[in-house]
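Student: Provided below: target_38.txt, containing compact mmCIF, C-alpha atoms.
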# COMPACT_ATOMS: atom_id res chain seq x y z
CA MET A 1 -8.55 -34.39 -24.90
CA MET A 2 -5.65 -32.09 -24.07
CA PRO A 3 -4.73 -29.40 -26.57
CA ILE A 4 -1.75 -30.69 -28.55
CA GLU A 5 -0.58 -29.10 -31.74
CA ILE A 6 2.08 -29.91 -34.30
CA ARG A 7 2.94 -26.78 -36.28
CA THR A 8 4.64 -26.60 -39.64
CA SER A 9 5.28 -22.85 -39.46
CA SER A 10 6.67 -20.41 -36.91
CA PHE A 11 4.51 -19.53 -33.91
CA ASP A 12 4.56 -16.92 -31.14
CA PRO A 13 4.38 -18.85 -27.86
CA TRP A 14 3.24 -15.85 -25.79
CA GLU A 15 0.39 -15.08 -28.15
CA GLU A 16 -0.58 -18.79 -28.11
CA ILE A 17 -0.68 -18.85 -24.30
CA ASN A 18 -2.71 -15.66 -24.25
CA LEU A 19 -5.21 -16.95 -26.81
CA HIS A 20 -5.52 -20.32 -25.14
CA GLN A 21 -6.07 -18.72 -21.75
CA GLN A 22 -8.86 -16.56 -23.14
CA LYS A 23 -10.53 -19.57 -24.74
CA MET A 24 -10.23 -21.58 -21.51
CA GLY A 25 -12.58 -19.21 -19.70
CA LYS A 26 -11.28 -20.23 -16.27
CA ASP A 27 -10.57 -16.72 -14.99
CA GLY A 28 -10.43 -16.67 -11.21
CA GLN A 29 -9.84 -20.43 -11.02
CA PHE A 30 -6.19 -20.71 -11.92
CA GLY A 31 -3.65 -19.13 -9.60
CA ALA A 32 -0.55 -20.51 -11.27
CA THR A 33 0.68 -20.70 -14.87
CA ALA A 34 4.05 -22.32 -15.54
CA SER A 35 5.43 -22.35 -19.05
CA PHE A 36 8.49 -23.52 -20.90
CA VAL A 37 9.60 -22.49 -24.38
CA GLY A 38 12.43 -24.25 -26.21
CA THR A 39 14.03 -22.07 -28.85
CA MET A 40 16.48 -22.77 -31.68
CA ARG A 41 20.01 -21.67 -30.80
CA ASP A 42 22.75 -20.72 -33.25
CA ILE A 43 25.18 -23.16 -31.67
CA ASN A 44 25.01 -26.80 -30.52
CA GLU A 45 27.72 -28.92 -28.95
CA GLY A 46 30.16 -26.07 -29.58
CA GLU A 47 29.51 -25.78 -33.33
CA PRO A 48 27.62 -23.06 -35.19
CA VAL A 49 24.30 -24.23 -36.58
CA GLN A 50 22.58 -22.51 -39.50
CA SER A 51 19.16 -24.13 -39.48
CA MET A 52 17.41 -27.30 -38.47
CA THR A 53 14.85 -29.73 -39.80
CA LEU A 54 12.50 -31.43 -37.38
CA GLU A 55 11.04 -34.75 -38.47
CA HIS A 56 8.25 -36.52 -36.61
CA TYR A 57 6.08 -39.63 -36.79
CA PRO A 58 2.63 -38.29 -37.66
CA GLY A 59 0.02 -39.97 -35.51
CA MET A 60 2.38 -41.49 -32.97
CA THR A 61 3.72 -38.09 -31.97
CA GLU A 62 0.27 -36.65 -31.25
CA LYS A 63 -0.76 -39.84 -29.45
CA HIS A 64 2.28 -39.71 -27.17
CA LEU A 65 1.94 -36.01 -26.43
CA GLN A 66 -1.69 -36.70 -25.47
CA GLU A 67 -0.59 -39.53 -23.19
CA ILE A 68 2.09 -37.42 -21.55
CA CYS A 69 -0.42 -34.65 -20.77
CA ALA A 70 -2.99 -37.19 -19.55
CA ASP A 71 -0.32 -38.69 -17.26
CA ALA A 72 0.46 -35.24 -15.86
CA SER A 73 -3.24 -34.61 -15.23
CA GLN A 74 -3.43 -37.86 -13.31
CA LYS A 75 -0.43 -37.04 -11.17
CA TRP A 76 -1.37 -33.44 -10.39
CA ASP A 77 -4.53 -31.41 -10.04
CA LEU A 78 -4.35 -29.32 -13.21
CA ILE A 79 -6.84 -26.92 -14.80
CA ASP A 80 -5.42 -27.11 -18.32
CA THR A 81 -2.32 -27.82 -20.36
CA LEU A 82 -1.14 -26.66 -23.77
CA VAL A 83 1.62 -28.24 -25.87
CA ILE A 84 2.72 -26.92 -29.26
CA HIS A 85 5.68 -28.41 -31.17
CA ARG A 86 7.23 -27.27 -34.44
CA VAL A 87 8.20 -29.61 -37.26
CA GLY A 88 9.80 -28.92 -40.65
CA GLU A 89 12.39 -26.26 -41.44
CA ILE A 90 13.34 -24.25 -38.38
CA GLU A 91 15.32 -21.00 -38.36
CA ILE A 92 17.55 -19.65 -35.60
CA ALA A 93 15.52 -18.07 -32.76
CA ASP A 94 12.34 -19.88 -33.81
CA PRO A 95 10.38 -21.39 -30.94
CA ILE A 96 10.50 -25.20 -31.18
CA VAL A 97 8.30 -26.27 -28.30
CA LEU A 98 5.84 -24.67 -25.88
CA VAL A 99 4.54 -26.37 -22.73
CA CYS A 100 2.13 -24.42 -20.54
CA VAL A 101 0.26 -25.63 -17.46
CA TRP A 102 -2.51 -23.91 -15.50
CA SER A 103 -3.39 -24.96 -11.93
CA ALA A 104 -4.77 -23.54 -8.69
CA HIS A 105 -1.41 -23.54 -6.87
CA ARG A 106 2.17 -23.14 -7.99
CA ALA A 107 3.71 -26.47 -6.96
CA GLU A 108 1.48 -28.42 -9.37
CA ALA A 109 2.13 -26.03 -12.24
CA PHE A 110 5.91 -26.13 -11.81
CA ASP A 111 6.07 -29.90 -11.35
CA ALA A 112 3.72 -30.74 -14.21
CA CYS A 113 5.34 -28.33 -16.70
CA ARG A 114 8.76 -29.85 -16.11
CA PHE A 115 7.42 -33.41 -16.16
CA ILE A 116 5.68 -32.87 -19.51
CA MET A 117 8.81 -31.30 -20.98
CA GLU A 118 11.14 -34.10 -19.80
CA ASP A 119 8.72 -36.81 -20.90
CA LEU A 120 8.30 -35.17 -24.28
CA LYS A 121 12.10 -35.06 -24.72
CA SER A 122 12.49 -38.72 -23.86
CA LYS A 123 9.41 -40.23 -25.53
CA ALA A 124 7.80 -38.10 -28.24
CA PRO A 125 8.99 -39.23 -31.68
CA PHE A 126 10.72 -36.14 -33.05
CA TRP A 127 14.20 -36.01 -34.63
CA LYS A 128 16.41 -33.01 -35.22
CA GLN A 129 18.74 -32.67 -38.16
CA GLU A 130 21.05 -29.67 -38.01
CA SER A 131 22.60 -27.83 -40.95
CA THR A 132 26.13 -26.64 -40.25
CA THR A 133 28.90 -25.32 -42.50
CA GLU A 134 30.15 -28.95 -42.53
CA GLY A 135 26.82 -30.21 -43.85
CA LYS A 136 23.84 -31.87 -42.26
CA ARG A 137 23.97 -33.99 -39.12
CA TRP A 138 21.37 -35.80 -37.06
CA VAL A 139 21.31 -34.77 -33.41
CA GLU A 140 22.07 -37.98 -31.57
CA LYS A 141 20.97 -37.12 -28.09
CA ASN A 142 19.31 -34.37 -26.13
CA THR A 143 21.04 -32.35 -23.43
CA PRO A 144 20.21 -33.72 -19.99
CA GLY A 145 17.27 -32.08 -18.18
CA MET B 1 21.07 -4.76 -12.58
CA MET B 2 18.31 -7.28 -13.22
CA PRO B 3 14.98 -6.00 -14.54
CA ILE B 4 12.64 -5.76 -11.55
CA GLU B 5 9.38 -3.88 -11.67
CA ILE B 6 6.70 -3.05 -9.16
CA ARG B 7 3.47 -2.21 -10.97
CA THR B 8 0.49 -0.31 -9.61
CA SER B 9 -1.81 -1.26 -12.48
CA SER B 10 -2.76 -4.44 -14.32
CA PHE B 11 -0.22 -5.93 -16.74
CA ASP B 12 -0.25 -8.59 -19.44
CA PRO B 13 2.56 -11.03 -18.54
CA TRP B 14 2.79 -12.51 -22.05
CA GLU B 15 3.15 -9.13 -23.67
CA GLU B 16 5.78 -8.21 -21.06
CA ILE B 17 7.81 -11.33 -21.80
CA ASN B 18 7.53 -10.70 -25.51
CA LEU B 19 8.63 -7.07 -25.21
CA HIS B 20 11.46 -7.91 -22.86
CA GLN B 21 12.71 -10.66 -25.13
CA GLN B 22 12.75 -8.29 -28.09
CA LYS B 23 14.69 -5.68 -26.09
CA MET B 24 17.18 -8.33 -24.88
CA GLY B 25 18.45 -8.88 -28.40
CA LYS B 26 19.83 -12.33 -27.57
CA ASP B 27 18.13 -14.21 -30.41
CA GLY B 28 19.93 -17.47 -31.10
CA GLN B 29 21.63 -17.48 -27.69
CA PHE B 30 18.82 -18.63 -25.44
CA GLY B 31 17.42 -22.11 -25.95
CA ALA B 32 15.17 -22.16 -22.88
CA THR B 33 12.65 -19.77 -21.40
CA ALA B 34 10.85 -20.78 -18.21
CA SER B 35 8.16 -18.55 -16.80
CA PHE B 36 5.75 -18.46 -13.91
CA VAL B 37 2.68 -16.26 -13.54
CA GLY B 38 0.76 -16.00 -10.28
CA THR B 39 -2.84 -14.88 -10.79
CA MET B 40 -5.57 -13.71 -8.41
CA ARG B 41 -8.12 -16.46 -7.71
CA ASP B 42 -11.74 -15.96 -6.67
CA ILE B 43 -11.32 -18.27 -3.69
CA ASN B 44 -8.71 -18.71 -0.92
CA GLU B 45 -8.66 -21.19 1.94
CA GLY B 46 -12.13 -22.29 0.88
CA GLU B 47 -13.73 -18.84 1.04
CA PRO B 48 -14.81 -16.63 -1.88
CA VAL B 49 -12.63 -13.56 -2.29
CA GLN B 50 -13.84 -10.40 -4.03
CA SER B 51 -10.65 -8.41 -4.40
CA MET B 52 -7.25 -7.94 -2.81
CA THR B 53 -4.92 -5.17 -1.80
CA LEU B 54 -1.19 -5.76 -2.02
CA GLU B 55 1.02 -3.68 0.24
CA HIS B 56 4.81 -3.55 -0.03
CA TYR B 57 7.82 -1.87 1.54
CA PRO B 58 9.03 0.53 -1.17
CA GLY B 59 12.78 0.32 -1.47
CA MET B 60 13.26 -2.87 0.49
CA THR B 61 11.07 -4.85 -1.90
CA GLU B 62 13.03 -3.80 -4.98
CA LYS B 63 16.33 -4.38 -3.15
CA HIS B 64 15.33 -7.93 -2.18
CA LEU B 65 14.00 -8.81 -5.63
CA GLN B 66 17.31 -7.61 -7.06
CA GLU B 67 19.22 -9.75 -4.56
CA ILE B 68 17.11 -12.82 -5.32
CA CYS B 69 17.75 -12.49 -9.06
CA ALA B 70 21.45 -11.84 -8.46
CA ASP B 71 21.60 -14.99 -6.30
CA ALA B 72 19.96 -17.00 -9.08
CA SER B 73 22.47 -15.64 -11.61
CA GLN B 74 25.29 -16.75 -9.34
CA LYS B 75 23.87 -20.24 -8.93
CA TRP B 76 23.02 -20.84 -12.59
CA ASP B 77 24.28 -19.74 -15.97
CA LEU B 78 21.45 -17.43 -17.03
CA ILE B 79 21.09 -15.09 -19.99
CA ASP B 80 18.45 -12.85 -18.43
CA THR B 81 15.66 -12.70 -15.86
CA LEU B 82 12.51 -10.58 -15.58
CA VAL B 83 10.41 -10.09 -12.45
CA ILE B 84 7.24 -7.98 -12.33
CA HIS B 85 5.04 -7.75 -9.23
CA ARG B 86 1.74 -5.94 -8.75
CA VAL B 87 0.86 -3.81 -5.75
CA GLY B 88 -2.31 -1.90 -4.86
CA GLU B 89 -5.89 -2.94 -5.63
CA ILE B 90 -6.04 -6.26 -7.45
CA GLU B 91 -9.09 -7.71 -9.18
CA ILE B 92 -9.92 -11.37 -9.73
CA ALA B 93 -7.93 -12.88 -12.63
CA ASP B 94 -5.34 -10.09 -12.51
CA PRO B 95 -1.75 -11.30 -12.80
CA ILE B 96 0.06 -10.68 -9.48
CA VAL B 97 3.58 -11.82 -10.27
CA LEU B 98 5.64 -12.76 -13.31
CA VAL B 99 9.02 -14.49 -13.14
CA CYS B 100 10.74 -15.30 -16.42
CA VAL B 101 14.22 -16.76 -16.96
CA TRP B 102 16.20 -17.15 -20.19
CA SER B 103 19.14 -19.55 -20.45
CA ALA B 104 20.97 -21.73 -22.96
CA HIS B 105 19.60 -25.03 -21.62
CA ARG B 106 16.37 -26.03 -19.93
CA ALA B 107 17.60 -27.30 -16.54
CA GLU B 108 18.95 -23.86 -15.56
CA ALA B 109 15.80 -22.07 -16.70
CA PHE B 110 13.47 -24.42 -14.77
CA ASP B 111 15.60 -24.40 -11.61
CA ALA B 112 16.20 -20.66 -11.54
CA CYS B 113 12.57 -19.74 -12.26
CA ARG B 114 11.32 -21.84 -9.39
CA PHE B 115 14.09 -20.66 -7.06
CA ILE B 116 13.30 -16.99 -7.74
CA MET B 117 9.59 -17.60 -7.19
CA GLU B 118 10.08 -19.47 -3.88
CA ASP B 119 12.58 -16.96 -2.61
CA LEU B 120 10.29 -14.08 -3.55
CA LYS B 121 7.43 -15.74 -1.64
CA SER B 122 9.53 -16.21 1.49
CA LYS B 123 11.57 -12.99 1.51
CA ALA B 124 10.18 -10.13 -0.56
CA PRO B 125 8.21 -7.74 1.67
CA PHE B 126 4.70 -7.89 0.20
CA TRP B 127 1.48 -8.43 2.14
CA LYS B 128 -1.93 -9.45 0.86
CA GLN B 129 -5.19 -8.26 2.32
CA GLU B 130 -8.28 -9.97 0.93
CA SER B 131 -11.80 -8.55 0.74
CA THR B 132 -14.48 -11.16 1.37
CA THR B 133 -18.20 -10.89 2.10
CA GLU B 134 -17.17 -11.08 5.78
CA GLY B 135 -14.90 -8.04 5.42
CA LYS B 136 -11.17 -7.60 5.02
CA ARG B 137 -8.56 -10.05 6.24
CA TRP B 138 -4.79 -10.19 6.07
CA VAL B 139 -3.44 -13.35 4.45
CA GLU B 140 -1.33 -14.91 7.19
CA LYS B 141 0.72 -17.34 5.23
CA ASN B 142 1.42 -18.45 1.71
CA THR B 143 0.54 -21.88 0.36
CA PRO B 144 3.58 -24.18 0.42
CA GLY B 145 5.63 -24.30 -2.77
CA MET C 1 0.27 -61.77 -43.49
CA ASN C 2 0.92 -58.18 -44.53
CA ILE C 3 2.48 -55.43 -42.47
CA THR C 4 3.59 -51.84 -43.04
CA VAL C 5 7.07 -50.86 -41.91
CA LYS C 6 8.10 -47.23 -41.39
CA TYR C 7 11.57 -45.77 -40.92
CA PHE C 8 12.41 -42.36 -39.54
CA ALA C 9 15.31 -39.92 -39.41
CA SER C 10 18.79 -41.49 -39.81
CA LEU C 11 17.22 -44.96 -40.21
CA ARG C 12 15.05 -43.67 -43.04
CA GLU C 13 18.20 -42.42 -44.77
CA GLN C 14 20.08 -45.65 -44.02
CA MET C 15 17.25 -47.76 -45.42
CA GLY C 16 16.77 -45.43 -48.39
CA LYS C 17 13.02 -45.38 -47.88
CA ALA C 18 10.40 -44.08 -45.47
CA GLU C 19 7.99 -46.99 -45.68
CA GLU C 20 7.52 -50.42 -47.18
CA LEU C 21 4.92 -53.17 -47.25
CA LEU C 22 6.14 -56.60 -46.17
CA THR C 23 4.64 -60.03 -46.28
CA LEU C 24 5.52 -62.36 -43.40
CA SER C 25 4.78 -66.07 -43.35
CA LYS C 26 3.70 -65.92 -39.70
CA ALA C 27 3.50 -63.71 -36.59
CA THR C 28 7.11 -62.74 -35.86
CA PRO C 29 9.05 -60.96 -33.08
CA ILE C 30 9.74 -57.37 -34.12
CA ALA C 31 13.51 -57.83 -33.63
CA GLU C 32 13.43 -60.51 -36.33
CA VAL C 33 11.58 -58.15 -38.66
CA TRP C 34 14.39 -55.63 -38.06
CA GLU C 35 17.07 -58.24 -38.81
CA ASN C 36 15.25 -59.15 -42.03
CA VAL C 37 14.87 -55.63 -43.35
CA SER C 38 18.23 -54.24 -42.21
CA GLY C 39 20.48 -57.24 -42.52
CA GLU C 40 21.83 -56.31 -39.08
CA THR C 41 21.97 -58.78 -36.20
CA SER C 42 21.78 -56.15 -33.46
CA SER C 43 18.97 -53.77 -32.67
CA ASP C 44 20.85 -51.83 -29.98
CA ASN C 45 19.95 -48.15 -30.07
CA ILE C 46 16.99 -48.82 -32.38
CA LEU C 47 13.57 -47.89 -31.04
CA MET C 48 10.65 -50.03 -32.17
CA ALA C 49 6.93 -49.40 -32.25
CA ILE C 50 3.90 -51.47 -33.21
CA ASN C 51 0.77 -49.50 -34.05
CA MET C 52 2.35 -46.33 -32.61
CA GLU C 53 3.20 -47.87 -29.22
CA TYR C 54 6.77 -48.47 -28.11
CA VAL C 55 7.52 -52.18 -27.80
CA LYS C 56 10.42 -54.39 -26.73
CA PRO C 57 12.38 -56.50 -29.26
CA ASP C 58 10.42 -59.65 -28.40
CA ALA C 59 7.00 -58.11 -29.15
CA ILE C 60 5.09 -60.07 -31.77
CA VAL C 61 4.08 -58.45 -35.05
CA GLU C 62 0.63 -59.53 -36.28
CA GLU C 63 -1.33 -59.27 -39.53
CA GLY C 64 -2.06 -55.65 -40.52
CA ASP C 65 0.30 -54.10 -37.97
CA GLU C 66 2.09 -50.82 -38.55
CA VAL C 67 5.68 -51.37 -37.46
CA ALA C 68 8.20 -48.53 -37.04
CA PHE C 69 11.96 -48.38 -36.48
CA PHE C 70 13.77 -45.21 -35.50
CA PRO C 71 16.77 -43.81 -33.61
CA PRO C 72 16.56 -42.21 -30.12
CA VAL C 73 14.20 -39.24 -30.18
CA THR C 74 15.56 -35.67 -30.00
CA GLY C 75 12.55 -33.36 -29.87
CA GLY C 76 11.74 -30.46 -27.58
CA MET D 1 19.97 9.46 18.65
CA ASN D 2 17.14 9.58 16.17
CA ILE D 3 15.69 6.70 14.19
CA THR D 4 12.76 6.16 11.85
CA VAL D 5 10.43 3.24 12.54
CA LYS D 6 8.09 1.81 9.88
CA TYR D 7 5.18 -0.58 10.30
CA PHE D 8 3.52 -2.60 7.56
CA ALA D 9 0.31 -4.53 6.95
CA SER D 10 -1.43 -5.85 10.10
CA LEU D 11 1.26 -4.27 12.31
CA ARG D 12 0.63 -0.87 10.71
CA GLU D 13 -3.05 -1.25 11.58
CA GLN D 14 -2.26 -2.50 15.09
CA MET D 15 0.08 0.44 15.72
CA GLY D 16 -2.33 2.89 14.12
CA LYS D 17 0.48 4.44 12.07
CA ALA D 18 2.80 3.66 9.18
CA GLU D 19 5.86 5.46 10.45
CA GLU D 20 7.23 7.37 13.42
CA LEU D 21 10.41 9.15 14.45
CA LEU D 22 11.90 7.99 17.73
CA THR D 23 14.67 9.30 19.93
CA LEU D 24 16.74 6.67 21.74
CA SER D 25 19.22 7.46 24.50
CA LYS D 26 21.74 4.96 23.12
CA ALA D 27 22.31 2.19 20.55
CA THR D 28 19.69 -0.44 21.40
CA PRO D 29 18.85 -4.03 20.30
CA ILE D 30 15.97 -3.95 17.82
CA ALA D 31 13.87 -6.31 20.01
CA GLU D 32 13.97 -3.66 22.75
CA VAL D 33 12.82 -1.02 20.30
CA TRP D 34 9.88 -3.30 19.46
CA GLU D 35 9.04 -3.76 23.13
CA ASN D 36 9.13 0.00 23.65
CA VAL D 37 6.86 0.87 20.73
CA SER D 38 4.42 -2.04 21.01
CA GLY D 39 4.29 -2.58 24.78
CA GLU D 40 4.64 -6.29 23.98
CA THR D 41 7.31 -8.49 25.55
CA SER D 42 7.46 -11.01 22.71
CA SER D 43 8.51 -10.47 19.13
CA ASP D 44 7.57 -13.96 17.90
CA ASN D 45 6.22 -13.85 14.36
CA ILE D 46 7.41 -10.26 13.90
CA LEU D 47 9.94 -9.68 11.13
CA MET D 48 12.49 -6.94 11.70
CA ALA D 49 14.66 -4.97 9.32
CA ILE D 50 17.33 -2.31 9.74
CA ASN D 51 18.02 -0.17 6.67
CA MET D 52 16.02 -2.60 4.51
CA GLU D 53 17.95 -5.71 5.56
CA TYR D 54 16.38 -8.47 7.64
CA VAL D 55 17.99 -8.67 11.10
CA LYS D 56 17.72 -10.85 14.20
CA PRO D 57 16.17 -9.51 17.43
CA ASP D 58 19.59 -8.83 18.95
CA ALA D 59 20.76 -6.57 16.09
CA ILE D 60 21.76 -3.12 17.32
CA VAL D 61 19.94 -0.01 16.09
CA GLU D 62 22.24 2.97 15.52
CA GLU D 63 21.77 6.71 14.96
CA GLY D 64 19.89 7.49 11.76
CA ASP D 65 18.76 3.91 11.10
CA GLU D 66 15.52 3.07 9.34
CA VAL D 67 13.91 0.30 11.38
CA ALA D 68 10.91 -1.72 10.18
CA PHE D 69 8.55 -4.19 11.82
CA PHE D 70 6.15 -6.36 9.86
CA PRO D 71 4.30 -9.71 9.81
CA PRO D 72 5.38 -12.70 7.67
CA VAL D 73 5.41 -11.77 3.99
CA THR D 74 2.70 -13.06 1.64
CA GLY D 75 3.62 -11.85 -1.83
CA GLY D 76 3.80 -13.71 -5.12
Show me this structure written as structure tokens.
Tutor:
Amino acid sequence: MMPIEIRTSSFDPWEEINLHQQKMGKDGQFGATASFVGTMRDINEGEPVQSMTLEHYPGMTEKHLQEICADASQKWDLIDTLVIHRVGEIEIADPIVLVCVWSAHRAEAFDACRFIMEDLKSKAPFWKQESTTEGKRWVEKNTPG
Amino acid sequence: MMPIEIRTSSFDPWEEINLHQQKMGKDGQFGATASFVGTMRDINEGEPVQSMTLEHYPGMTEKHLQEICADASQKWDLIDTLVIHRVGEIEIADPIVLVCVWSAHRAEAFDACRFIMEDLKSKAPFWKQESTTEGKRWVEKNTPG
Amino acid sequence: MNITVKYFASLREQMGKAEELLTLSKATPIAEVWENVSGETSSDNILMAINMEYVKPDAIVEEGDEVAFFPPVTGG
Amino acid sequence: MNITVKYFASLREQMGKAEELLTLSKATPIAEVWENVSGETSSDNILMAINMEYVKPDAIVEEGDEVAFFPPVTGG
């Protein structure tokens, strides 16, 4: 089982990577760590955004994140992966998603990190609702990757 | 000027990213942070490695890292970049290189992070000498990216 | 046969509920379940899942299934 | 004319020094400087820089230049 976490409160992605790496105990084995952090911006599609609510489908979300990481581990020779995703009320500058991949060499880490992130964006059942001065609106599509 | 650092002692890449991000003061502007960390492995080309010495060309190295980051900033719309590279005596599991890129959207961050890393590998004047049980040997080429 | 139907995000708001229990007379294509609950004849732009797996509109819903309808996902 | 020549990594070991000052009678292609200092006729697999910029073997070395010779780089 790959480490997948859905968080209902703010998290520090760099501390999470650090902690996870210590727990892994694979010092000397990994030569490459690629990570991606998605963070809440104060603007979207040209309009100021005040906050956001992230809804998900409990159960299906975790299942799909697991499948995405398992797919990545089949495609590339990986040492470990870590995915953390926020749900609930999100403030500006809060981290929303963390994807981190450890491997022996850099090509695998880069490729797998991006693959997991793109797959997560297109498949994992999460929905963003933004609060603007005009009221609330559901985000209808993600920016292209 | 892009933040470029050559370090003679061990560094914690996650703490460096965290500190740099706080100093940046661009909360709410960046939506994407892509990072890569290269770490010393205990094996290379099938042989156990005990430690490594990293030599560089002081002056030219910094100049080229600056140019690489400036090139990336011309190619993509980036908010900031951070590059830290170790030199000197390196122990197993020590971070060797950190590349981190902040941008509004994820495609730019992924592309620029990988570009900087590949360009650094092919152009920045650093040389690795490994210590094995058989003695010291210069690394003759990098693994393909 | 009894099934559970879940709605998420804008569809949850549109339906005015997050979940309901339905009784079907027989195994039914999921697109028909959608037409029944929504009163709409099209399921364009609606994602459908049975037991937490994405399915196509012609997938058959069976006794005890957990069915879900939701808009395109926007996580990450 | 006077120039500084630097050697790095395996070339530093091969030359037995990290740096030397040379006097040239005139502006000279960098490949010729390499031949003079190394006694080798080929510069395959040797990287060359003048004033911290990579150059080709036919680049001309001028008074006061800092010239460097080194093997392929292996950082990162």
Student: Taking 2 positions as the minimum chain separation for residues in the same chain, which residues sit within 6 Å of stretch 10-27 of chain A when counting only C-alpha atoms? Answer as a PyMOL selection string.
Tutor: (chain A and resi 29) or (chain B and resi 14+93)
Student: What does chain C look like after a least-squares fit onto chain D on every Cα paired in order, written as a short mmCIF file (atom, residue, chain, number, x, y, z; two decimals) with C-alpha atoms, in the frame of the given file?
Tutor:
data_model
loop_
_atom_site.label_atom_id
_atom_site.label_comp_id
_atom_site.auth_asym_id
_atom_site.auth_seq_id
_atom_site.Cartn_x
_atom_site.Cartn_y
_atom_site.Cartn_z
CA MET C 1 20.01 9.48 18.64
CA ASN C 2 17.15 9.58 16.14
CA ILE C 3 15.69 6.69 14.20
CA THR C 4 12.75 6.16 11.84
CA VAL C 5 10.43 3.24 12.54
CA LYS C 6 8.09 1.83 9.89
CA TYR C 7 5.19 -0.58 10.30
CA PHE C 8 3.52 -2.59 7.58
CA ALA C 9 0.33 -4.53 6.95
CA SER C 10 -1.43 -5.85 10.09
CA LEU C 11 1.26 -4.27 12.31
CA ARG C 12 0.63 -0.90 10.69
CA GLU C 13 -3.06 -1.27 11.56
CA GLN C 14 -2.27 -2.51 15.07
CA MET C 15 0.06 0.42 15.71
CA GLY C 16 -2.34 2.89 14.09
CA LYS C 17 0.46 4.44 12.07
CA ALA C 18 2.79 3.66 9.19
CA GLU C 19 5.86 5.46 10.48
CA GLU C 20 7.22 7.38 13.43
CA LEU C 21 10.41 9.14 14.46
CA LEU C 22 11.92 8.00 17.75
CA THR C 23 14.69 9.29 19.91
CA LEU C 24 16.77 6.69 21.75
CA SER C 25 19.25 7.48 24.50
CA LYS C 26 21.76 4.97 23.11
CA ALA C 27 22.31 2.21 20.53
CA THR C 28 19.70 -0.44 21.38
CA PRO C 29 18.85 -4.01 20.30
CA ILE C 30 15.97 -3.93 17.83
CA ALA C 31 13.88 -6.29 20.00
CA GLU C 32 13.97 -3.66 22.76
CA VAL C 33 12.82 -1.01 20.30
CA TRP C 34 9.88 -3.30 19.46
CA GLU C 35 9.04 -3.79 23.15
CA ASN C 36 9.13 -0.01 23.64
CA VAL C 37 6.87 0.88 20.75
CA SER C 38 4.42 -2.02 21.03
CA GLY C 39 4.30 -2.60 24.75
CA GLU C 40 4.63 -6.32 23.96
CA THR C 41 7.29 -8.51 25.55
CA SER C 42 7.43 -11.02 22.69
CA SER C 43 8.51 -10.48 19.13
CA ASP C 44 7.57 -13.96 17.90
CA ASN C 45 6.21 -13.85 14.37
CA ILE C 46 7.41 -10.26 13.90
CA LEU C 47 9.94 -9.68 11.15
CA MET C 48 12.49 -6.93 11.71
CA ALA C 49 14.66 -4.96 9.33
CA ILE C 50 17.33 -2.30 9.75
CA ASN C 51 18.01 -0.17 6.69
CA MET C 52 16.00 -2.59 4.52
CA GLU C 53 17.95 -5.71 5.58
CA TYR C 54 16.38 -8.46 7.65
CA VAL C 55 17.97 -8.68 11.10
CA LYS C 56 17.69 -10.85 14.20
CA PRO C 57 16.17 -9.52 17.46
CA ASP C 58 19.60 -8.82 18.96
CA ALA C 59 20.75 -6.56 16.10
CA ILE C 60 21.76 -3.12 17.31
CA VAL C 61 19.94 -0.02 16.09
CA GLU C 62 22.24 2.97 15.51
CA GLU C 63 21.80 6.71 14.95
CA GLY C 64 19.89 7.49 11.73
CA ASP C 65 18.76 3.92 11.10
CA GLU C 66 15.52 3.06 9.35
CA VAL C 67 13.91 0.31 11.39
CA ALA C 68 10.91 -1.72 10.18
CA PHE C 69 8.54 -4.20 11.82
CA PHE C 70 6.14 -6.36 9.86
CA PRO C 71 4.31 -9.71 9.81
CA PRO C 72 5.38 -12.72 7.67
CA VAL C 73 5.41 -11.77 4.00
CA THR C 74 2.70 -13.06 1.63
CA GLY C 75 3.61 -11.85 -1.84
CA GLY C 76 3.80 -13.69 -5.15
#
Student: So how far away is atom CA of A:Glu5 from atom CA of B:Ala107, in Å?
Tutor: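 Distance reported for this atom pair: 23.8 Å.
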Student: Taking all atoms listed in the file into account, report as a ChimeraX atom specification which residues of chain A lie within 12 Å of chain D.
Tutor: /A:31-32,105-106
Student: Filtering to C-alpha atoms, could you give me those residues as an mmCIF file, keeping the file's coordinate frame?
Tutor:
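Result file again.cif:
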data_model
loop_
_atom_site.group_PDB
_atom_site.id
_atom_site.type_symbol
_atom_site.label_atom_id
_atom_site.label_comp_id
_atom_site.auth_asym_id
_atom_site.auth_seq_id
_atom_site.Cartn_x
_atom_site.Cartn_y
_atom_site.Cartn_z
ATOM 1 C CA GLY A 31 -3.650 -19.130 -9.600
ATOM 2 C CA ALA A 32 -0.550 -20.510 -11.270
ATOM 3 C CA HIS A 105 -1.410 -23.540 -6.870
ATOM 4 C CA ARG A 106 2.170 -23.140 -7.990
#
Student: Would you compute the distance between atom CA of B:Ile79 and atom CA of A:Phe115? Give it in Å to one decimal.
Tutor: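 Between atom CA of B:Ile79 and atom CA of A:Phe115 the gap is 23.2 Å.
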Student: Between atom CA of A:Glu130 and atom CA of A:Arg114, what is the distance, to one decimal in Å?
Tutor: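 It comes out at 25.1 Å.
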Student: Find the residues near D:Ser43: any atom within 8 Å, counting only C-alpha atoms, skip ones fewer than 3 places away on the same chain, and give them as a count of residues only.
Tutor: 6
Student: D:Leu11, D:Ile3, D:Val73, D:Leu21: which is nearest D:Val61, counting all atoms listed in the file?
Tutor: D:Ile3
Student: Box along x, y and z, 8 Å on every side, all listed atoms of stretch 41-59 of chain C inside: centre and edge lengths in Å to one decimal, as JSON.
Tutor:
{"center_x": 11.4, "center_y": -53.0, "center_z": -31.5, "size_x": 37.2, "size_y": 29.3, "size_z": 25.5}
